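> Take this structure, written in structure tokens, and hold onto it; I'll ask about it next.
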Amino acid sequence: MNTPMPPLAVLNYSLTTALGAGRAAQVEALRAGRGGLAPQRFEHCGLEAWVGEVAGLDRPLPTQWRSWDCRNNRLIELSLQQDGLMDAVSRLRARYGAARIGVFIGTSTAGVQQTERAYLLRDRNTDHLPDWFNYQTSQNAYSVADYVRLRLGLEGVALAISTACSSSAKVFASARRALAAGLCDAAVVGGADSLCLTTLYGFNALQLVSPEPCRPADAGRRGISIGEAAGFALLVPAPAEAELGLLGYGESSDAHHMSAPEPEGRGAAAAMQAALHRAGLAAESVDYIHLHGTATPANDLAEDHAVFRLFGAAVPASSTKGYFGHTLGAAGMVGAAVALLAIEQGFAPGSLNTQVVDPALQGRILLEGRELKLRQVLSNAFGFGGNNCSLLFGRLP
Amino acid sequence: MKLDLLAVGLSMPGLAGWVASQAVLRGEQAHALAELPPSAMTLLPANERRRAPPTVRLAFAAAEDAVDNGGLQPADWATVFVTSEADTPIIHRICHALAEPARLVSPTDFHNCVHNAAAGYWGIAAGCRLPSSSLSAWDFSFTAGLLEAGALALVEELPVLLVAYDLPPPVPLYASRKIAQPAALALALRAPGNGPALARLHLQSGGADDAESRCADVSLEALRLSNPAARALPLLVALAQGRGSVVLPAVGGTLRVELS
């Protein structure tokens with residue numbers, strides 16, 4: 001268990017959030033300390049909340065993909081169009097063949113917003129949903145992976161992972177196992193979650209939504225701001241023509257509660273420890289930790305216990321949820337992309353909106369972004385059901 | 001990919017438990033649909049049991065059956081939960097509520113609506129802190145789960161409990177996703193070893209000429225087609241009959257499973 005693994009090369013990656021579409025938009029805003037959260041006006045939702053909404057999702061999908069049209073697939077489409085991702089996949093397809101490239105995509109709510117709209121517009125006498133409602137291409141969780149594989153012309157193994165907010169971190173572990181077991185030769189991994197009323201009202205019912213922009217690790221933090229995001233990465237076993245790679249990953253379960261983290265952060269610590277083991281690295285080798293950092297009182301405290309136990313107060317850490325919100329099922333992929341960007345740029349982003357760090361937290365929270373030589377970066381993603389996943393990225397030898 | 005199968009759990013209409021279903025699966029007794037007995041959920045603390053929705057109960061029925069049949073210590077088994085749709089009755093309630101002016105979503109419904117709800121409850125019930133994944137792959141969900149569980153067992157050298165389940169969606173969602181019967185099964189899998197096993201499974205990509213296996217019994221065949229988890233029935237029939245190889249539907253083709 002947890003034996004060191006040969007690293008996976010990241011051939012290409014992309015990220016689209018409320019900060020904009022593609023990697024450059026993320027870098028620019030993270031460096032400028034400029035957030036993308038705004039008071040929410042989503043679907044006549046009356047809740048007092050801030051959201052990280054992605055611009056440009058009001059255009060329907062191209063004609064030939066019209067039966068897949070929903071906010072979530074529009075977000076996937078926009079993200080696939082960035083950073084030369086489609087061309088890179090074409091090259092992979094030419095090299096390995098479509099049948100040998102796997103697709104592993106994380107989501108928590110897929111296109112449930114389409115179901116919400118269908119229920120609103122249903123025939124109230126017969127209960128019939130409108131004819132435009134296409135369950136398979138929107139509501140179903142696998143729609144995210146199916147759209148990606150069809151859109152990219154891939155015919156290998158494919159699945160959607162849905163473990164709430166750790167979903168699109170877990171896809172890296174799943175892809176690595178599939179590669180190691182010979183189920184595929186290359187993998188497209190990613191995550192996508194879009195704004196919907198289910199999560200806005202659902203988290204509100206759990207009293208976890210902040211009425212102001214979220215403030216991770218702040219003494220006065222009041223909960224999450226929900227965001228939407230999609231991102232992808234192309235993975236092959238190293239060595240390959242790539243400078244960055246996945247060095248390790250760790251997964252664990254809390255076995256504690258459905259919607260609250262285990263207070264001591266034991267599950268979180270186990271996931272981080274397993275990621276270090278797989279990379280064959282000691283805690284001292286980690287130069288920056290991208291926290292899950294949702295800005296709920298319970299999550300930030302439990303994660304801090306775990307980080308402090310493994311790393312002490314030496315390693316700079318921050319959450320980027322203040323920039324684009326908690327993107328739920330996409331949060332793992334967001335963390336992966338931010339970790340890769342941080343290494344590439346030699347820049348650790350600061351914890352936006354955090355004014356006074358909660359004195360109960362013992363870790364070293366970066367309030368301002370900082371130029372740092374980063375060789376290895378750890379990123380955390382923890383979900384409902386006590387599902388934890390940590391990813392360790394770094395420069396390939 | 002080769003795997004040892006240590007135990008099976010089963011909860012489908014007319015197939016209430018792996019041991020009790022042997023005669024039907026061997027073809028000695030005709031299959032007839034019958035209402036599923038309620039799951040006892042003996043592993044779950046009373047507090048959580050009260051909150052567990054029917055989807056979670058269905059998954060537990062199969063998982064607990066496998067634990068009983070194999071004499072397993074569930075805390076030592078990593079898990080893969082696979083369901084095409086997760087909890088459509090809750091999705092229905094939430095979307096219904098969101099279409100009304102008050103938009104009142106129940107907090108319990110919200111935390112139970114995550115795709116990995118059954119996995120979360122199982123982790124609490126089993127006291128299991130090992131890796132757990134929850135997947136979907138439409139009608140190919142069982143095969144996708146089998147491959148994920150197999151890779152987890154071989155690459156991480158962990159014993160893995162695979163649990164596949166789906167419930168019929170309520171009206172009006174049923175019109176868009178016709179899962180007609182509830183169905184769940186569980187397989188306890190690990191890397192090939194010297195210990196006792198029900199069978200060794202050899203998984204390989206199906207060839208171009210491979211056609212999906214069917215069930216000879218008409219009623220079992222109807223059940224197979226009624227639910228993504230029931231797509232595993234030809235494998236269970238082959239296991240009960242102690243022989244053969246089956247072809248299961250998979251994303252982009254088929255998966256051949258040989259039993260020895």
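Each chain of the structure tokens is named A, B, ... in the order shown, its residues numbered from 1; ligands are numbered from 1 in display order.
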Show me, as a compact mmCIF listing (two decimals) with C-alpha atoms, in the first residue's frame, the residues that have an atom within 6 Å of segment 363-367 of chain A when counting only C-alpha atoms, minus same-chain residues fewer than 4 positions from it.

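As written to disk, result.txt reads:
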# COMPACT_ATOMS: atom_id res chain seq x y z
CA PHE A 308 0.08 21.44 11.15
CA ALA A 313 4.10 26.00 10.58
CA PRO A 316 3.33 28.46 3.20
CA ALA A 317 -0.30 27.61 2.49
CA SER A 318 -3.33 29.37 1.10
CA GLY A 350 -2.24 34.80 -1.37
CA SER A 351 -5.43 34.05 0.54
> For chain A against chain B, which residues fall within 7 Å using only C-alpha atoms, given as an MDAnalysis selection string?
chainID A and resid 1:2 108 115:116 119:120 127:129 135 140:142 155:164 177:178 180:181 198 201:202 205:206 251:259 385:386
> Can you tell me which residues surround segment 372-381 of chain A at a distance of at most 8 Å, considering only C-alpha atoms, apart from same-chain residues fewer than 2 positions away, and format the answer as a PyMOL selection string?
chain A and resi 165-166+169+272+285-292+331-332+335-336+339-340+342-343+346-348+370+383+388-395
> Just the residues within 6 Å of Ser11 of chain B, please, counting only C-alpha atoms, with nothing from its chain fewer than 3 positions along; format it as an NGL selection string.
:B and (15-17 or 62 or 184)
> Would you mind reading off the distance between atom CA of Lys170 of chain A and atom CA of Asn387 of chain A, one decimal, in Å?
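Result for atom CA of Lys170 of chain A versus atom CA of Asn387 of chain A: 9.5 Å, one decimal.
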> Using only C-alpha atoms, which of the listed residues (B:Gln29, B:Asn47, B:Asn194, B:Gln181) sits closest to Ala229 of chain B?
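Using only C-alpha atoms, Ala229 of chain B sits closest to B:Gln181.
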> Mind giving me the straight-line distance from atom CA of Leu33 of chain B to atom CA of Pro53 of chain B in Å, one decimal?
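Computing it gives 22.7 Å between the two atoms.
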> Rounded to one decimal place, report the atom CA of Asp209 of chain B-atom CA of Leu187 of chain B distance in Å.
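About the pair atom CA of Asp209 of chain B and atom CA of Leu187 of chain B: they are 27.6 Å apart.
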> Using DSSP on the backbone coordinates, identify the residues of segment 167-258 of chain A assigned to strand (DSSP E); present them as a VMD selection string.
chain A and resid 186 to 193 226 to 227 229 to 237 244 to 253
> Which residues come within 9 Å of segment 87-91 of chain A, counting only C-alpha atoms, excluding same-chain residues fewer than 4 positions away, as a list in words?
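Contacts, in chain order: Leu11, Asn12, Arg95, Tyr96, Leu152, Gly153, Val188 and Leu234 of chain A.
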> Kindly export the residues of the current selection with C-alpha atoms, as a PDB file, in the first residue's frame.

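Final output, part-v9.pdb:
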ATOM      1  CA  LEU A  11       1.373  17.241 -21.305  1.00  0.00           C
ATOM      2  CA  ASN A  12      -1.127  20.059 -21.249  1.00  0.00           C
ATOM      3  CA  ARG A  95       0.044   8.709 -31.365  1.00  0.00           C
ATOM      4  CA  TYR A  96      -1.884   6.231 -29.199  1.00  0.00           C
ATOM      5  CA  LEU A 152     -12.653  14.793 -28.405  1.00  0.00           C
ATOM      6  CA  GLY A 153     -13.302  11.682 -30.507  1.00  0.00           C
ATOM      7  CA  VAL A 188      -7.764  13.046 -20.243  1.00  0.00           C
ATOM      8  CA  LEU A 234      -3.572  15.346 -20.315  1.00  0.00           C
TER       9      LEU A 234
END
> Compare A:Val315, A:Asp218, A:Glu284, A:Val209 by their minimum atom-to-atom distance to Pro359 of chain A, counting only C-alpha atoms, and give me the closest one.
A:Asp218
> If you count only C-alpha atoms, which residues fall within 12 Å of segment 61-71 of chain A, apart from same-chain ones fewer than 5 positions away, as a VMD selection string?
chain A and resid 53 to 56 76 to 78 109 to 118 131 to 140 143 to 144 146 to 148 150 to 151 192 to 196 228 to 230
> Write the selection just made, keeping N, CA and C atoms, as a compact mmCIF listing (two decimals), in the first residue's frame?

# COMPACT_ATOMS: atom_id res chain seq x y z
N GLU A 53 -19.17 33.40 -11.03
CA GLU A 53 -19.86 33.02 -12.26
C GLU A 53 -18.90 33.17 -13.45
N VAL A 54 -18.92 32.20 -14.35
CA VAL A 54 -18.09 32.25 -15.55
C VAL A 54 -18.84 33.02 -16.64
N ALA A 55 -18.17 33.98 -17.27
CA ALA A 55 -18.81 34.77 -18.33
C ALA A 55 -18.83 33.98 -19.63
N GLY A 56 -19.83 34.25 -20.46
CA GLY A 56 -19.86 33.69 -21.81
C GLY A 56 -20.58 32.36 -21.92
N ILE A 76 -17.95 23.16 -20.10
CA ILE A 76 -16.94 22.20 -20.55
C ILE A 76 -16.42 22.61 -21.93
N GLU A 77 -17.33 22.97 -22.81
CA GLU A 77 -16.95 23.36 -24.18
C GLU A 77 -16.01 24.56 -24.15
N LEU A 78 -16.38 25.58 -23.36
CA LEU A 78 -15.54 26.78 -23.27
C LEU A 78 -14.14 26.42 -22.77
N THR A 109 -22.62 17.94 -9.57
CA THR A 109 -24.03 18.13 -9.95
C THR A 109 -24.27 18.05 -11.45
N ALA A 110 -23.23 17.86 -12.28
CA ALA A 110 -23.39 17.76 -13.73
C ALA A 110 -24.39 18.83 -14.22
N GLY A 111 -25.39 18.44 -14.99
CA GLY A 111 -26.32 19.43 -15.54
C GLY A 111 -27.65 19.48 -14.83
N VAL A 112 -27.63 19.38 -13.49
CA VAL A 112 -28.89 19.37 -12.74
C VAL A 112 -29.67 20.66 -12.95
N GLN A 113 -28.98 21.73 -13.32
CA GLN A 113 -29.69 22.99 -13.55
C GLN A 113 -30.73 22.84 -14.65
N GLN A 114 -30.45 21.94 -15.61
CA GLN A 114 -31.41 21.67 -16.68
C GLN A 114 -32.67 20.99 -16.12
N THR A 115 -32.48 20.11 -15.14
CA THR A 115 -33.61 19.45 -14.50
C THR A 115 -34.42 20.46 -13.68
N GLU A 116 -33.72 21.37 -13.00
CA GLU A 116 -34.40 22.43 -12.25
C GLU A 116 -35.30 23.24 -13.19
N ARG A 117 -34.77 23.60 -14.36
CA ARG A 117 -35.54 24.39 -15.33
C ARG A 117 -36.71 23.58 -15.87
N ALA A 118 -36.47 22.28 -16.10
CA ALA A 118 -37.54 21.42 -16.63
C ALA A 118 -38.69 21.32 -15.62
N ASP A 131 -40.37 18.91 -23.68
CA ASP A 131 -39.74 18.04 -24.68
C ASP A 131 -38.24 18.29 -24.82
N TRP A 132 -37.81 19.53 -24.57
CA TRP A 132 -36.37 19.82 -24.73
C TRP A 132 -35.51 19.17 -23.67
N PHE A 133 -36.12 18.69 -22.59
CA PHE A 133 -35.33 18.13 -21.49
C PHE A 133 -34.69 16.82 -21.93
N ASN A 134 -33.36 16.77 -21.87
CA ASN A 134 -32.62 15.55 -22.23
C ASN A 134 -31.85 15.08 -21.01
N TYR A 135 -32.42 14.10 -20.34
CA TYR A 135 -31.88 13.62 -19.07
C TYR A 135 -30.45 13.12 -19.21
N GLN A 136 -30.21 12.28 -20.24
CA GLN A 136 -28.92 11.60 -20.38
C GLN A 136 -27.77 12.58 -20.60
N THR A 137 -28.04 13.66 -21.34
CA THR A 137 -26.95 14.57 -21.70
C THR A 137 -26.78 15.72 -20.71
N SER A 138 -27.60 15.74 -19.65
CA SER A 138 -27.48 16.85 -18.68
C SER A 138 -27.52 16.36 -17.24
N GLN A 139 -28.65 15.80 -16.82
CA GLN A 139 -28.83 15.39 -15.42
C GLN A 139 -27.87 14.27 -15.01
N ASN A 140 -27.69 13.29 -15.89
CA ASN A 140 -26.87 12.12 -15.54
C ASN A 140 -25.41 12.53 -15.28
N SER A 143 -22.74 12.33 -17.97
CA SER A 143 -22.81 13.23 -19.12
C SER A 143 -21.51 14.03 -19.28
N VAL A 144 -20.86 14.35 -18.17
CA VAL A 144 -19.62 15.16 -18.26
C VAL A 144 -18.52 14.39 -18.99
N ASP A 146 -19.05 11.67 -20.93
CA ASP A 146 -19.54 11.28 -22.25
C ASP A 146 -19.36 12.44 -23.24
N TYR A 147 -19.71 13.67 -22.79
CA TYR A 147 -19.54 14.82 -23.68
C TYR A 147 -18.07 15.00 -24.05
N VAL A 148 -17.20 14.89 -23.08
CA VAL A 148 -15.76 15.08 -23.34
C VAL A 148 -15.25 14.01 -24.31
N LEU A 150 -16.91 12.17 -26.52
CA LEU A 150 -17.48 12.31 -27.86
C LEU A 150 -16.90 13.55 -28.55
N ARG A 151 -16.80 14.63 -27.81
CA ARG A 151 -16.30 15.90 -28.37
C ARG A 151 -14.85 15.77 -28.81
N ALA A 192 -15.78 19.44 -13.90
CA ALA A 192 -16.69 20.51 -14.32
C ALA A 192 -17.89 20.56 -13.38
N ASP A 193 -18.16 21.72 -12.85
CA ASP A 193 -19.39 21.94 -12.08
C ASP A 193 -19.85 23.37 -12.35
N SER A 194 -21.15 23.52 -12.56
CA SER A 194 -21.68 24.84 -12.91
C SER A 194 -22.72 25.28 -11.89
N LEU A 195 -22.99 26.57 -11.86
CA LEU A 195 -23.93 27.12 -10.89
C LEU A 195 -25.32 26.51 -11.10
N CYS A 196 -25.99 26.27 -10.00
CA CYS A 196 -27.37 25.76 -10.06
C CYS A 196 -28.05 26.12 -8.74
N GLU A 228 -18.23 28.34 -10.18
CA GLU A 228 -18.30 27.30 -11.21
C GLU A 228 -16.96 27.29 -11.94
N ALA A 229 -16.58 26.13 -12.45
CA ALA A 229 -15.29 26.01 -13.12
C ALA A 229 -15.24 24.72 -13.91
N ALA A 230 -14.37 24.71 -14.91
CA ALA A 230 -14.04 23.47 -15.61
C ALA A 230 -12.57 23.52 -15.97
> Which residue, A:Asp123, A:Gly223, A:Gly20, A:Leu47, has the smallest gap to Arg34 of chain A when you use only C-alpha atoms?
A:Gly20
> Can you tell me, as a PyMOL selection string, which residues in segment 122-215 of chain B count as alpha helix (DSSP H) by DSSP?
chain B and resi 122-126+141-155
> Write a file of the selected residues as a PDB file, in the first residue's frame, keeping N, CA and C atoms.

ATOM      1  N   TRP B 122     -21.596   4.159   4.274  1.00  0.00           N
ATOM      2  CA  TRP B 122     -20.875   2.895   4.443  1.00  0.00           C
ATOM      3  C   TRP B 122     -19.564   3.109   5.221  1.00  0.00           C
ATOM      4  N   GLY B 123     -18.858   4.174   4.905  1.00  0.00           N
ATOM      5  CA  GLY B 123     -17.617   4.477   5.618  1.00  0.00           C
ATOM      6  C   GLY B 123     -17.876   4.611   7.110  1.00  0.00           C
ATOM      7  N   ILE B 124     -18.976   5.316   7.464  1.00  0.00           N
ATOM      8  CA  ILE B 124     -19.337   5.482   8.877  1.00  0.00           C
ATOM      9  C   ILE B 124     -19.705   4.133   9.493  1.00  0.00           C
ATOM     10  N   ALA B 125     -20.533   3.347   8.778  1.00  0.00           N
ATOM     11  CA  ALA B 125     -21.008   2.060   9.295  1.00  0.00           C
ATOM     12  C   ALA B 125     -19.855   1.083   9.490  1.00  0.00           C
ATOM     13  N   ALA B 126     -18.948   1.044   8.511  1.00  0.00           N
ATOM     14  CA  ALA B 126     -17.868   0.067   8.528  1.00  0.00           C
ATOM     15  C   ALA B 126     -16.665   0.561   9.315  1.00  0.00           C
ATOM     16  N   SER B 141     -22.256   1.312 -16.222  1.00  0.00           N
ATOM     17  CA  SER B 141     -21.744   1.621 -14.883  1.00  0.00           C
ATOM     18  C   SER B 141     -21.109   0.407 -14.217  1.00  0.00           C
ATOM     19  N   PHE B 142     -21.771  -0.770 -14.287  1.00  0.00           N
ATOM     20  CA  PHE B 142     -21.198  -1.920 -13.575  1.00  0.00           C
ATOM     21  C   PHE B 142     -19.798  -2.247 -14.095  1.00  0.00           C
ATOM     22  N   THR B 143     -19.642  -2.280 -15.406  1.00  0.00           N
ATOM     23  CA  THR B 143     -18.338  -2.623 -15.979  1.00  0.00           C
ATOM     24  C   THR B 143     -17.290  -1.570 -15.615  1.00  0.00           C
ATOM     25  N   ALA B 144     -17.679  -0.312 -15.665  1.00  0.00           N
ATOM     26  CA  ALA B 144     -16.746   0.756 -15.277  1.00  0.00           C
ATOM     27  C   ALA B 144     -16.317   0.581 -13.825  1.00  0.00           C
ATOM     28  N   GLY B 145     -17.271   0.210 -12.972  1.00  0.00           N
ATOM     29  CA  GLY B 145     -16.956  -0.017 -11.561  1.00  0.00           C
ATOM     30  C   GLY B 145     -16.050  -1.224 -11.377  1.00  0.00           C
ATOM     31  N   LEU B 146     -16.282  -2.270 -12.150  1.00  0.00           N
ATOM     32  CA  LEU B 146     -15.459  -3.479 -12.062  1.00  0.00           C
ATOM     33  C   LEU B 146     -14.011  -3.165 -12.445  1.00  0.00           C
ATOM     34  N   LEU B 147     -13.829  -2.365 -13.492  1.00  0.00           N
ATOM     35  CA  LEU B 147     -12.473  -1.996 -13.913  1.00  0.00           C
ATOM     36  C   LEU B 147     -11.802  -1.095 -12.874  1.00  0.00           C
ATOM     37  N   GLU B 148     -12.566  -0.143 -12.332  1.00  0.00           N
ATOM     38  CA  GLU B 148     -12.009   0.738 -11.293  1.00  0.00           C
ATOM     39  C   GLU B 148     -11.614  -0.080 -10.053  1.00  0.00           C
ATOM     40  N   ALA B 149     -12.507  -0.998  -9.653  1.00  0.00           N
ATOM     41  CA  ALA B 149     -12.225  -1.827  -8.476  1.00  0.00           C
ATOM     42  C   ALA B 149     -11.019  -2.729  -8.743  1.00  0.00           C
ATOM     43  N   GLY B 150     -10.945  -3.279  -9.955  1.00  0.00           N
ATOM     44  CA  GLY B 150      -9.833  -4.152 -10.315  1.00  0.00           C
ATOM     45  C   GLY B 150      -8.511  -3.408 -10.280  1.00  0.00           C
ATOM     46  N   ALA B 151      -8.490  -2.211 -10.848  1.00  0.00           N
ATOM     47  CA  ALA B 151      -7.258  -1.415 -10.865  1.00  0.00           C
ATOM     48  C   ALA B 151      -6.854  -1.036  -9.438  1.00  0.00           C
ATOM     49  N   LEU B 152      -7.838  -0.701  -8.609  1.00  0.00           N
ATOM     50  CA  LEU B 152      -7.563  -0.357  -7.201  1.00  0.00           C
ATOM     51  C   LEU B 152      -6.963  -1.563  -6.473  1.00  0.00           C
ATOM     52  N   ALA B 153      -7.547  -2.748  -6.697  1.00  0.00           N
ATOM     53  CA  ALA B 153      -7.072  -3.967  -6.022  1.00  0.00           C
ATOM     54  C   ALA B 153      -5.651  -4.311  -6.463  1.00  0.00           C
ATOM     55  N   LEU B 154      -5.359  -4.189  -7.747  1.00  0.00           N
ATOM     56  CA  LEU B 154      -4.052  -4.612  -8.269  1.00  0.00           C
ATOM     57  C   LEU B 154      -2.978  -3.558  -8.042  1.00  0.00           C
ATOM     58  N   VAL B 155      -3.293  -2.305  -8.350  1.00  0.00           N
ATOM     59  CA  VAL B 155      -2.264  -1.257  -8.302  1.00  0.00           C
ATOM     60  C   VAL B 155      -1.966  -0.845  -6.859  1.00  0.00           C
TER      61      VAL B 155
END
> Write out as a PyMOL selection string each polymer residue whose atoms come within 8 Å of Leu58 of chain B, counting only C-alpha atoms; drop sequence neighbours fewer than 6 positions from it.
chain B and resi 11+39+165+167+182-184
